[in-house]
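Report on the following structure.
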Amino acid sequence: MNKYKKITLDGLIFQNPTFMLVLGTCPTLAMIKQSATSAMGMGLTVLVILTLSNIIISALRRVIPNSVRIPCYIVIIATLVTFVQMLLKKFLPDLYESLGAFLALIVVNCIVLGRAEAFASKHTVGEAAVDGIANGLGFTVALTLMGIICEFLGSGSLFGLQIMKSFKIAIFSQPAGAFLVYGIAIAVFTYVIDAFERSRRVKANKLARENLLKEAV
Amino acid sequence: MSAFILIILSAVFTNNFITVKTYGICPFLGVSKKTSSAVGMGIAVTVVMVLATLVTYPVYNYVMVAHNADGTEIWNFQFLWIIFFIFIIASLVQMLEMIIRKISPSLYNSMGVYLPLITTNCAVLGVTQMFNGVTSLGDIVTGVGTAFTMNIGWALLYALFAGVGFTLVMIIMSGLREKLNCYKTHKALAGFPVAMITACFICMAFMVFSYIKI
């Protein structure tokens with residue numbers, strides 16, 4: 001059980017694909033400048049594709065020859081993206097419209113291929129599924145948070161709901177504002193994680209020293 | 001003639017791939033630490049973009065859909081374009097790498113290392129999918145009007161200048177980052193955050209072009 005907890009925490013916080021590894025930047029920037037809703041939709045779409053691709057690749061890890069593994073992964077991911085694209089077009093046309101070209105570009109999203117190469121090809125199906133969900137959730141939460149900030153500053157609304165009437169900083173609904181918000185978000189996130197790990201290390205050191213002192217006495 | 005100028009203006013400035021469409025951000029942030037590598041990456045991306053368009057445009061319009069003499073469809077599997085295109089791009093990059101290694105080892109040493117990275121680059125898949133189902137040049141380049149029907153020549157020209165715009169922004173970014181290395185930044189901001197804030201200012205500069213009315 002501890003193993004699954006570590007995978008989940010890694011995907012969500014310590015190895016967060018958006019803030020810590022800075023992967024999948026193109027859809028992140030394009031979606032957070034649009035609106036919080038489309039950012040969340042993008043995150044959930046990637047969550048579904050990532051989980052399914054992780055499960056399939058992990059199940060096939062003994063079948064796929066090592067020398068042609070990347071083309072195999074790409075075909076699996078491209079097929080999944082084609083399926084998801086058709087389903088969204090049929091059942092969620094609004095989300096399909098707002099994702100636009102970036103729905104197809106999930107194929108070349110580094111997160112999906114990166115998790116397949118780094119994790120799914122070496123672990124069991126259960127672990128790969130948990131890893132897919134954790135990384136997808138980390139991506140979704142990061143995108144939604146930045147989408148909220150960008151949408152609020154850029155058009156004074158939250159998830160399409162107008163909150164402040166005449167408040168609008170147009171740059172935050174442009175790529176420039178998205179870059180600014182993303183950069184500052186990475187800085188804040190890494191700073192907080194660093195401080196947290198440092199305090200944890202300090203606490204552990206203090207405990208060790210007290211134990212030593214106790215033994216010496 | 002005006003269509004030529006409009007394509008160049010649109011692909012390089014008003015619809016720049018990095019600063020307006022946000023395609024290809026991974027190499028933009030990852031390979032822009034030195035100007036020489038930024039130029040190599042830009043040229044490699046441009047070459048692959050043009051070659052990929054050269055192959056995918058006919059495949060999409062003539063292979064994946066076929067018509068009888070009276071215009072009825074025999075088959076149409078354009079909905080599978082993602083799988084087709086990603087396979088074409090991946091094999092094209094692999095082939096290009098082998099050819100360059102054989103013909104010119106010195107070019108391979110300077111440019112070949114960036115080639116495998118290009119397969120998973122949004123910019124190449126992004127430029128090839130732009131022309132899917134487009135019948136008039138005016139649909140992708142504003143201000144051209146409906147007089148020009150889309151053909152492979154326009155597609156290649158657009159892809160070429162989209163690559164030029166990509167290279168231009170890469171060079172600007174790498175110059176700024178080389179300069180930034182001379183200054184001390186706060187520990188939390190070092191690395192990606194300060195690169196993104198720099199990119200923010202480049203985007204602001206490129207926003208000026210979006211106010212051009214033709």
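Every chain in the structure tokens has a letter given in the order shown (A, B, ...), and although residue numbers restart at 1 in each chain, ligands are simply numbered from 1 in the order shown.
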
Practice task
Output as a PyMOL selection string all residues of stretch 24-196 of chain A that backbone DSSP marks as strand (DSSP E).
Solution key: chain A and resi 157-158+161-162

Create the file for the chosen residues now, containing C-alpha atoms and written as a PDB file, in the first residue's frame.
ATOM      1  CA  SER A 157     -14.872  35.753 -14.675  1.00  0.00           C
ATOM      2  CA  LEU A 158     -14.571  32.268 -13.183  1.00  0.00           C
ATOM      3  CA  LEU A 161     -19.365  33.229 -14.647  1.00  0.00           C
ATOM      4  CA  GLN A 162     -18.897  37.011 -14.694  1.00  0.00           C
TER       5      GLN A 162
END

Practice task
Residues of chain A no more than 8 Å from chain B, counting only C-alpha atoms: send them over as an MDAnalysis selection string.
Solution key: chainID A and resid 23:27 29:30 71 74:75 78:79 82 101 104:105 107:110 174:180 182:184 186:188 190:191

Export N, CA and C atoms of the chosen residues as an mmCIF file, in the first residue's frame?
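Output (result-v1.cif):
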data_model
loop_
_atom_site.group_PDB
_atom_site.id
_atom_site.type_symbol
_atom_site.label_atom_id
_atom_site.label_comp_id
_atom_site.auth_asym_id
_atom_site.auth_seq_id
_atom_site.Cartn_x
_atom_site.Cartn_y
_atom_site.Cartn_z
ATOM 1 N N LEU A 23 6.601 19.457 -18.358
ATOM 2 C CA LEU A 23 6.280 18.714 -19.577
ATOM 3 C C LEU A 23 4.904 19.153 -20.071
ATOM 4 N N GLY A 24 4.656 18.900 -21.348
ATOM 5 C CA GLY A 24 3.349 19.227 -21.909
ATOM 6 C C GLY A 24 3.034 20.704 -21.847
ATOM 7 N N THR A 25 4.021 21.527 -22.204
ATOM 8 C CA THR A 25 3.835 22.973 -22.045
ATOM 9 C C THR A 25 2.903 23.579 -23.083
ATOM 10 N N CYS A 26 2.904 23.014 -24.313
ATOM 11 C CA CYS A 26 2.098 23.650 -25.375
ATOM 12 C C CYS A 26 0.617 23.673 -25.030
ATOM 13 N N PRO A 27 -0.017 22.512 -24.704
ATOM 14 C CA PRO A 27 -1.433 22.578 -24.358
ATOM 15 C C PRO A 27 -1.672 23.391 -23.093
ATOM 16 N N LEU A 29 -0.123 26.151 -21.975
ATOM 17 C CA LEU A 29 -0.174 27.583 -22.268
ATOM 18 C C LEU A 29 -1.404 27.930 -23.094
ATOM 19 N N ALA A 30 -1.720 27.079 -24.087
ATOM 20 C CA ALA A 30 -2.836 27.405 -24.967
ATOM 21 C C ALA A 30 -4.157 27.357 -24.228
ATOM 22 N N PRO A 71 7.888 3.569 -31.647
ATOM 23 C CA PRO A 71 6.786 3.549 -32.621
ATOM 24 C C PRO A 71 5.546 2.824 -32.104
ATOM 25 N N ILE A 74 3.736 5.111 -29.820
ATOM 26 C CA ILE A 74 3.083 6.207 -30.543
ATOM 27 C C ILE A 74 1.804 5.715 -31.214
ATOM 28 N N VAL A 75 1.841 4.499 -31.771
ATOM 29 C CA VAL A 75 0.628 3.978 -32.425
ATOM 30 C C VAL A 75 -0.482 3.783 -31.395
ATOM 31 N N ALA A 78 -1.745 7.240 -30.439
ATOM 32 C CA ALA A 78 -2.482 7.881 -31.532
ATOM 33 C C ALA A 78 -3.862 7.262 -31.695
ATOM 34 N N THR A 79 -3.945 5.929 -31.523
ATOM 35 C CA THR A 79 -5.253 5.275 -31.625
ATOM 36 C C THR A 79 -6.179 5.767 -30.516
ATOM 37 N N THR A 82 -7.390 9.210 -31.282
ATOM 38 C CA THR A 82 -8.419 9.209 -32.323
ATOM 39 C C THR A 82 -9.775 8.814 -31.740
ATOM 40 N N ALA A 101 -7.187 22.388 -32.086
ATOM 41 C CA ALA A 101 -6.084 21.594 -32.625
ATOM 42 C C ALA A 101 -5.346 20.853 -31.522
ATOM 43 N N ALA A 104 -5.772 16.927 -30.943
ATOM 44 C CA ALA A 104 -4.956 16.006 -31.744
ATOM 45 C C ALA A 104 -3.505 16.036 -31.287
ATOM 46 N N LEU A 105 -3.063 17.193 -30.785
ATOM 47 C CA LEU A 105 -1.662 17.320 -30.402
ATOM 48 C C LEU A 105 -1.343 16.616 -29.088
ATOM 49 N N VAL A 107 -1.192 13.618 -28.924
ATOM 50 C CA VAL A 107 -0.314 12.537 -29.404
ATOM 51 C C VAL A 107 1.145 12.862 -29.123
ATOM 52 N N VAL A 108 1.539 14.110 -29.353
ATOM 53 C CA VAL A 108 2.937 14.481 -29.169
ATOM 54 C C VAL A 108 3.154 15.162 -27.823
ATOM 55 N N ASN A 109 2.204 14.942 -26.879
ATOM 56 C CA ASN A 109 2.369 15.496 -25.544
ATOM 57 C C ASN A 109 3.445 14.691 -24.816
ATOM 58 N N CYS A 110 4.460 15.392 -24.295
ATOM 59 C CA CYS A 110 5.578 14.669 -23.674
ATOM 60 C C CYS A 110 5.138 13.878 -22.452
ATOM 61 N N GLN A 174 -3.867 36.377 -23.413
ATOM 62 C CA GLN A 174 -2.956 36.245 -24.562
ATOM 63 C C GLN A 174 -1.822 35.294 -24.146
ATOM 64 N N PRO A 175 -1.059 34.765 -25.116
ATOM 65 C CA PRO A 175 0.055 33.889 -24.742
ATOM 66 C C PRO A 175 1.036 34.546 -23.774
ATOM 67 N N ALA A 176 1.233 35.865 -23.899
ATOM 68 C CA ALA A 176 2.191 36.541 -23.021
ATOM 69 C C ALA A 176 1.807 36.367 -21.554
ATOM 70 N N GLY A 177 0.524 36.603 -21.242
ATOM 71 C CA GLY A 177 0.063 36.465 -19.867
ATOM 72 C C GLY A 177 0.142 35.030 -19.384
ATOM 73 N N ALA A 178 -0.146 34.084 -20.316
ATOM 74 C CA ALA A 178 -0.065 32.675 -19.939
ATOM 75 C C ALA A 178 1.364 32.311 -19.554
ATOM 76 N N PHE A 179 2.351 32.805 -20.333
ATOM 77 C CA PHE A 179 3.759 32.559 -20.003
ATOM 78 C C PHE A 179 4.091 33.129 -18.627
ATOM 79 N N LEU A 180 3.615 34.342 -18.370
ATOM 80 C CA LEU A 180 3.929 35.000 -17.093
ATOM 81 C C LEU A 180 3.356 34.195 -15.924
ATOM 82 N N TYR A 182 2.439 31.053 -15.848
ATOM 83 C CA TYR A 182 3.071 29.738 -15.747
ATOM 84 C C TYR A 182 4.445 29.858 -15.075
ATOM 85 N N GLY A 183 5.234 30.850 -15.498
ATOM 86 C CA GLY A 183 6.564 31.021 -14.916
ATOM 87 C C GLY A 183 6.504 31.282 -13.426
ATOM 88 N N ILE A 184 5.614 32.196 -13.028
ATOM 89 C CA ILE A 184 5.527 32.540 -11.613
ATOM 90 C C ILE A 184 4.978 31.353 -10.815
ATOM 91 N N ILE A 186 5.422 28.166 -11.467
ATOM 92 C CA ILE A 186 6.521 27.203 -11.257
ATOM 93 C C ILE A 186 7.412 27.673 -10.122
ATOM 94 N N ALA A 187 7.753 28.984 -10.149
ATOM 95 C CA ALA A 187 8.659 29.511 -9.122
ATOM 96 C C ALA A 187 8.069 29.314 -7.737
ATOM 97 N N VAL A 188 6.782 29.673 -7.563
ATOM 98 C CA VAL A 188 6.147 29.563 -6.251
ATOM 99 C C VAL A 188 6.082 28.101 -5.810
ATOM 100 N N THR A 190 7.902 25.434 -6.760
ATOM 101 C CA THR A 190 9.193 24.838 -6.393
ATOM 102 C C THR A 190 9.705 25.428 -5.081
ATOM 103 N N TYR A 191 9.439 26.724 -4.866
ATOM 104 C CA TYR A 191 9.898 27.348 -3.615
ATOM 105 C C TYR A 191 9.221 26.697 -2.413
#

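Atom CA of A:Thr124 sits 28.3 Å away from atom CA of A:Gly41.
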
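All residues of protein, DNA or RNA that reach within 9 Å of B:Ala155, judged by only C-alpha atoms and not counting those fewer than 6 positions away in the chain, are Val50, Thr53, Leu54, Tyr57, Thr128, Phe131 and Leu137 of chain B.
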
Exercise for the section: Measure the distance from atom CA of B:Asn109 to atom CA of B:Met170 in Å and round it to one decimal. Expected result: 19.7 Å

So which residues of stretch 15-177 of chain B fall under helix (DSSP H, G or I) by DSSP, listed as a tab-separated table (two decimals) with C-alpha atoms, in the first residue's frame?
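In the end it all went to selection_21.tsv:
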chain	number	residue	atom	x	y	z
B	25	ILE	CA	7.24	25.24	-26.61
B	26	CYS	CA	9.32	22.24	-25.47
B	27	PRO	CA	12.28	22.93	-27.82
B	28	PHE	CA	11.72	26.65	-27.36
B	29	LEU	CA	12.44	26.32	-23.63
B	30	GLY	CA	14.74	23.31	-23.74
B	35	THR	CA	22.46	30.50	-29.91
B	36	SER	CA	24.27	27.85	-31.95
B	37	SER	CA	21.99	25.06	-30.76
B	38	ALA	CA	18.92	27.27	-31.19
B	39	VAL	CA	19.84	27.91	-34.83
B	40	GLY	CA	20.45	24.17	-35.40
B	41	MET	CA	17.10	23.26	-33.87
B	42	GLY	CA	15.30	25.97	-35.85
B	43	ILE	CA	16.75	24.83	-39.16
B	44	ALA	CA	16.03	21.18	-38.38
B	45	VAL	CA	12.41	21.97	-37.50
B	46	THR	CA	12.00	24.05	-40.68
B	47	VAL	CA	13.34	21.26	-42.89
B	48	VAL	CA	11.13	18.64	-41.25
B	49	MET	CA	8.06	20.91	-41.43
B	50	VAL	CA	8.47	21.42	-45.19
B	51	LEU	CA	9.20	17.75	-45.90
B	52	ALA	CA	6.31	16.58	-43.70
B	53	THR	CA	3.90	18.93	-45.48
B	54	LEU	CA	5.23	17.72	-48.83
B	55	VAL	CA	4.26	14.15	-47.90
B	56	THR	CA	1.17	14.56	-45.72
B	57	TYR	CA	-0.70	17.02	-47.97
B	58	PRO	CA	-0.96	14.60	-50.94
B	59	VAL	CA	-1.57	11.67	-48.61
B	60	TYR	CA	-4.49	13.43	-46.93
B	61	ASN	CA	-6.06	14.73	-50.14
B	62	TYR	CA	-5.39	11.94	-52.64
B	63	VAL	CA	-4.61	8.70	-50.79
B	78	GLN	CA	-9.50	10.88	-43.28
B	79	PHE	CA	-10.64	10.35	-39.69
B	80	LEU	CA	-7.48	8.26	-39.20
B	81	TRP	CA	-5.23	11.22	-40.02
B	82	ILE	CA	-3.56	11.37	-36.59
B	83	ILE	CA	-2.14	7.86	-36.89
B	84	PHE	CA	-1.09	8.38	-40.51
B	85	PHE	CA	0.55	11.74	-39.91
B	86	ILE	CA	2.48	10.76	-36.78
B	87	PHE	CA	3.80	7.68	-38.54
B	88	ILE	CA	4.82	9.67	-41.62
B	89	ILE	CA	6.61	12.27	-39.47
B	90	ALA	CA	8.37	9.66	-37.33
B	91	SER	CA	9.65	7.68	-40.32
B	92	LEU	CA	10.60	10.86	-42.17
B	93	VAL	CA	12.70	12.05	-39.25
B	94	GLN	CA	14.35	8.65	-38.94
B	95	MET	CA	15.14	8.60	-42.69
B	96	LEU	CA	16.47	12.16	-42.64
B	97	GLU	CA	18.74	11.27	-39.74
B	98	MET	CA	20.19	8.28	-41.62
B	99	ILE	CA	20.68	10.29	-44.84
B	100	ILE	CA	22.41	13.17	-43.06
B	101	ARG	CA	24.66	10.78	-41.13
B	102	LYS	CA	25.70	9.12	-44.42
B	103	ILE	CA	26.17	12.25	-46.53
B	105	PRO	CA	28.93	13.69	-40.72
B	106	SER	CA	29.80	17.28	-39.78
B	107	LEU	CA	26.22	18.42	-40.40
B	108	TYR	CA	25.03	15.40	-38.45
B	109	ASN	CA	27.14	16.41	-35.48
B	110	SER	CA	25.71	19.93	-35.45
B	111	MET	CA	22.09	19.23	-36.41
B	112	GLY	CA	21.49	15.50	-36.12
B	113	VAL	CA	21.22	15.49	-32.34
B	114	TYR	CA	18.05	17.60	-32.56
B	115	LEU	CA	16.34	15.38	-35.11
B	116	PRO	CA	14.99	12.66	-32.77
B	117	LEU	CA	13.46	15.40	-30.59
B	118	ILE	CA	11.44	16.69	-33.53
B	122	CYS	CA	3.84	19.96	-31.70
B	123	ALA	CA	5.00	22.37	-34.37
B	124	VAL	CA	5.42	19.72	-37.08
B	125	LEU	CA	2.11	17.94	-36.43
B	126	GLY	CA	0.53	21.37	-35.94
B	127	VAL	CA	1.59	22.69	-39.33
B	128	THR	CA	0.55	19.54	-41.19
B	129	GLN	CA	-2.89	19.42	-39.59
B	130	MET	CA	-3.55	23.08	-40.41
B	137	LEU	CA	-6.14	30.02	-48.88
B	138	GLY	CA	-8.22	32.71	-47.16
B	139	ASP	CA	-9.21	30.23	-44.46
B	152	ILE	CA	0.35	22.08	-52.20
B	153	GLY	CA	2.41	25.10	-53.29
B	154	TRP	CA	0.73	27.44	-50.81
B	155	ALA	CA	0.93	24.75	-48.13
B	156	LEU	CA	4.68	24.35	-48.65
B	157	LEU	CA	5.23	28.11	-48.65
B	158	TYR	CA	3.26	28.46	-45.42
B	159	ALA	CA	5.18	25.62	-43.78
B	160	LEU	CA	8.52	27.11	-44.85
B	161	PHE	CA	7.76	30.52	-43.41
B	162	ALA	CA	6.20	29.08	-40.27
B	163	GLY	CA	9.58	27.39	-39.77
B	164	VAL	CA	11.36	30.68	-40.42
B	165	GLY	CA	9.19	32.36	-37.77
B	166	PHE	CA	9.98	29.54	-35.35
B	167	THR	CA	13.74	29.93	-35.98
B	168	LEU	CA	13.49	33.71	-35.56
B	169	VAL	CA	11.89	33.44	-32.13
B	170	MET	CA	14.35	30.71	-31.10
B	171	ILE	CA	17.28	33.00	-31.99
B	172	ILE	CA	15.79	35.97	-30.10
B	173	MET	CA	15.15	33.80	-27.05
B	174	SER	CA	18.63	32.23	-27.05
B	175	GLY	CA	20.26	35.66	-27.31
B	176	LEU	CA	18.28	36.91	-24.34
B	177	ARG	CA	19.05	33.80	-22.30

Practice task
For A:Ala120, please output as a PyMOL selection string all residues within 8 Å (counting only C-alpha atoms; exclusion window: fewer than 4 positions along the same chain).
Solution key: chain A and resi 54-55+57-58+61+115-116+124-125+128

Selection from above, N, CA and C atoms, as a PDB file, in the first residue's frame, can you write it?
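Saved the output as selection-v4.pdb:
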ATOM      1  N   ASN A  54      -1.208   4.064 -20.264  1.00  0.00           N
ATOM      2  CA  ASN A  54      -0.355   3.420 -19.264  1.00  0.00           C
ATOM      3  C   ASN A  54      -0.771   1.967 -19.060  1.00  0.00           C
ATOM      4  N   ILE A  55      -2.095   1.728 -18.953  1.00  0.00           N
ATOM      5  CA  ILE A  55      -2.578   0.361 -18.720  1.00  0.00           C
ATOM      6  C   ILE A  55      -2.215  -0.528 -19.902  1.00  0.00           C
ATOM      7  N   ILE A  57       0.072  -0.125 -22.327  1.00  0.00           N
ATOM      8  CA  ILE A  57       1.508  -0.314 -22.541  1.00  0.00           C
ATOM      9  C   ILE A  57       2.100  -1.216 -21.464  1.00  0.00           C
ATOM     10  N   SER A  58       1.607  -1.054 -20.220  1.00  0.00           N
ATOM     11  CA  SER A  58       2.104  -1.913 -19.148  1.00  0.00           C
ATOM     12  C   SER A  58       1.694  -3.366 -19.370  1.00  0.00           C
ATOM     13  N   ARG A  61       4.010  -4.888 -22.005  1.00  0.00           N
ATOM     14  CA  ARG A  61       5.435  -4.572 -21.882  1.00  0.00           C
ATOM     15  C   ARG A  61       6.339  -5.752 -22.187  1.00  0.00           C
ATOM     16  N   ARG A 115       5.572   9.141 -19.550  1.00  0.00           N
ATOM     17  CA  ARG A 115       5.151   8.162 -18.539  1.00  0.00           C
ATOM     18  C   ARG A 115       5.213   6.751 -19.109  1.00  0.00           C
ATOM     19  N   ALA A 116       4.882   6.600 -20.414  1.00  0.00           N
ATOM     20  CA  ALA A 116       4.955   5.275 -21.028  1.00  0.00           C
ATOM     21  C   ALA A 116       6.384   4.764 -20.982  1.00  0.00           C
ATOM     22  N   THR A 124       3.930  -3.010 -13.135  1.00  0.00           N
ATOM     23  CA  THR A 124       2.729  -3.824 -13.351  1.00  0.00           C
ATOM     24  C   THR A 124       1.542  -2.944 -13.725  1.00  0.00           C
ATOM     25  N   VAL A 125       0.464  -3.605 -14.190  1.00  0.00           N
ATOM     26  CA  VAL A 125      -0.696  -2.877 -14.693  1.00  0.00           C
ATOM     27  C   VAL A 125      -1.307  -1.992 -13.607  1.00  0.00           C
ATOM     28  N   ALA A 128       0.847   1.021 -12.954  1.00  0.00           N
ATOM     29  CA  ALA A 128       0.801   1.939 -14.086  1.00  0.00           C
ATOM     30  C   ALA A 128      -0.507   2.710 -14.105  1.00  0.00           C
TER      31      ALA A 128
END

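The spacing separating atom CA of A:Asn66 from atom CA of A:Ile49 amounts to 22.6 Å.
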
Exercise for the section: Just the residues within 12 Å of stretch 2-14 of chain A, please, counting only C-alpha atoms, with nothing from its chain fewer than 5 positions along; format it as JSON, numbers by chain. Expected result: {"A": [19, 20, 21, 47, 111, 115, 119, 123, 124, 126, 127, 128, 129, 130, 131, 132, 133, 134, 135, 136, 137, 138, 139, 140, 141, 142, 189, 190, 192, 193, 194, 196, 197]}

Kindly save the residues from that selection, with N, CA and C atoms included, as a CSV table (one decimal), in the first residue's frame.
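Just written: out02.csv:
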chain,number,residue,atom,x,y,z
A,19,PHE,N,4.6,21.4,-13.0
A,19,PHE,CA,5.4,22.3,-12.3
A,19,PHE,C,6.8,21.8,-12.0
A,20,MET,N,7.0,20.5,-11.7
A,20,MET,CA,8.3,20.1,-11.4
A,20,MET,C,9.1,19.6,-12.7
A,21,LEU,N,8.4,18.9,-13.6
A,21,LEU,CA,9.1,18.4,-14.8
A,21,LEU,C,9.0,19.3,-16.0
A,47,LEU,N,-5.9,13.1,-18.7
A,47,LEU,CA,-6.0,12.1,-17.6
A,47,LEU,C,-6.6,10.7,-18.2
A,111,ILE,N,4.1,14.3,-21.8
A,111,ILE,CA,3.7,13.6,-20.5
A,111,ILE,C,3.3,12.2,-20.8
A,115,ARG,N,5.6,9.1,-19.5
A,115,ARG,CA,5.2,8.2,-18.5
A,115,ARG,C,5.2,6.8,-19.1
A,119,PHE,N,7.8,4.9,-16.9
A,119,PHE,CA,7.1,4.1,-15.9
A,119,PHE,C,6.4,2.9,-16.4
A,123,HIS,N,6.6,-1.4,-15.0
A,123,HIS,CA,5.8,-1.7,-13.8
A,123,HIS,C,4.6,-2.5,-14.2
A,124,THR,N,3.9,-3.0,-13.1
A,124,THR,CA,2.7,-3.8,-13.4
A,124,THR,C,1.5,-2.9,-13.7
A,126,GLY,N,-1.4,-2.5,-12.4
A,126,GLY,CA,-2.0,-1.8,-11.3
A,126,GLY,C,-1.3,-0.5,-11.0
A,127,GLU,N,0.1,-0.7,-10.9
A,127,GLU,CA,0.9,0.5,-10.6
A,127,GLU,C,0.8,1.5,-11.7
A,128,ALA,N,0.8,1.0,-13.0
A,128,ALA,CA,0.8,1.9,-14.1
A,128,ALA,C,-0.5,2.7,-14.1
A,129,ALA,N,-1.6,2.0,-13.8
A,129,ALA,CA,-2.9,2.7,-13.7
A,129,ALA,C,-2.9,3.8,-12.7
A,130,VAL,N,-2.4,3.5,-11.5
A,130,VAL,CA,-2.3,4.5,-10.4
A,130,VAL,C,-1.5,5.6,-10.8
A,131,ASP,N,-0.3,5.3,-11.5
A,131,ASP,CA,0.6,6.4,-11.9
A,131,ASP,C,-0.1,7.3,-12.9
A,132,GLY,N,-0.9,6.7,-13.9
A,132,GLY,CA,-1.6,7.5,-14.9
A,132,GLY,C,-2.6,8.4,-14.2
A,133,ILE,N,-3.3,7.9,-13.3
A,133,ILE,CA,-4.4,8.7,-12.7
A,133,ILE,C,-3.7,9.8,-11.9
A,134,ALA,N,-2.6,9.5,-11.1
A,134,ALA,CA,-2.0,10.5,-10.3
A,134,ALA,C,-1.4,11.6,-11.1
A,135,ASN,N,-0.7,11.2,-12.2
A,135,ASN,CA,0.0,12.2,-13.1
A,135,ASN,C,-1.1,13.1,-13.8
A,136,GLY,N,-2.2,12.4,-14.2
A,136,GLY,CA,-3.2,13.1,-14.9
A,136,GLY,C,-3.9,14.1,-14.0
A,137,LEU,N,-4.1,13.7,-12.7
A,137,LEU,CA,-4.7,14.6,-11.7
A,137,LEU,C,-3.8,15.7,-11.5
A,138,GLY,N,-2.5,15.5,-11.3
A,138,GLY,CA,-1.5,16.5,-11.1
A,138,GLY,C,-1.6,17.6,-12.2
A,139,PHE,N,-1.7,17.1,-13.5
A,139,PHE,CA,-1.8,17.9,-14.6
A,139,PHE,C,-3.1,18.7,-14.6
A,140,THR,N,-4.2,18.0,-14.3
A,140,THR,CA,-5.5,18.7,-14.3
A,140,THR,C,-5.5,19.8,-13.3
A,141,VAL,N,-5.1,19.5,-12.0
A,141,VAL,CA,-5.1,20.5,-11.0
A,141,VAL,C,-4.3,21.7,-11.3
A,142,ALA,N,-3.1,21.4,-11.8
A,142,ALA,CA,-2.2,22.5,-12.2
A,142,ALA,C,-2.8,23.4,-13.3
A,189,PHE,N,5.7,27.2,-6.7
A,189,PHE,CA,5.5,25.8,-6.4
A,189,PHE,C,6.8,25.2,-6.0
A,190,THR,N,7.9,25.4,-6.8
A,190,THR,CA,9.2,24.8,-6.4
A,190,THR,C,9.7,25.4,-5.1
A,192,VAL,N,7.9,26.5,-2.5
A,192,VAL,CA,7.1,25.9,-1.4
A,192,VAL,C,7.6,24.5,-1.2
A,193,ILE,N,7.8,23.7,-2.2
A,193,ILE,CA,8.2,22.3,-2.1
A,193,ILE,C,9.6,22.3,-1.5
A,194,ASP,N,10.5,23.2,-1.9
A,194,ASP,CA,11.8,23.2,-1.4
A,194,ASP,C,11.8,23.5,0.1
A,196,PHE,N,9.3,23.0,2.2
A,196,PHE,CA,8.7,21.9,2.9
A,196,PHE,C,9.8,20.8,3.1
A,197,GLU,N,10.5,20.5,2.0
A,197,GLU,CA,11.5,19.4,2.1
A,197,GLU,C,12.6,19.8,3.1
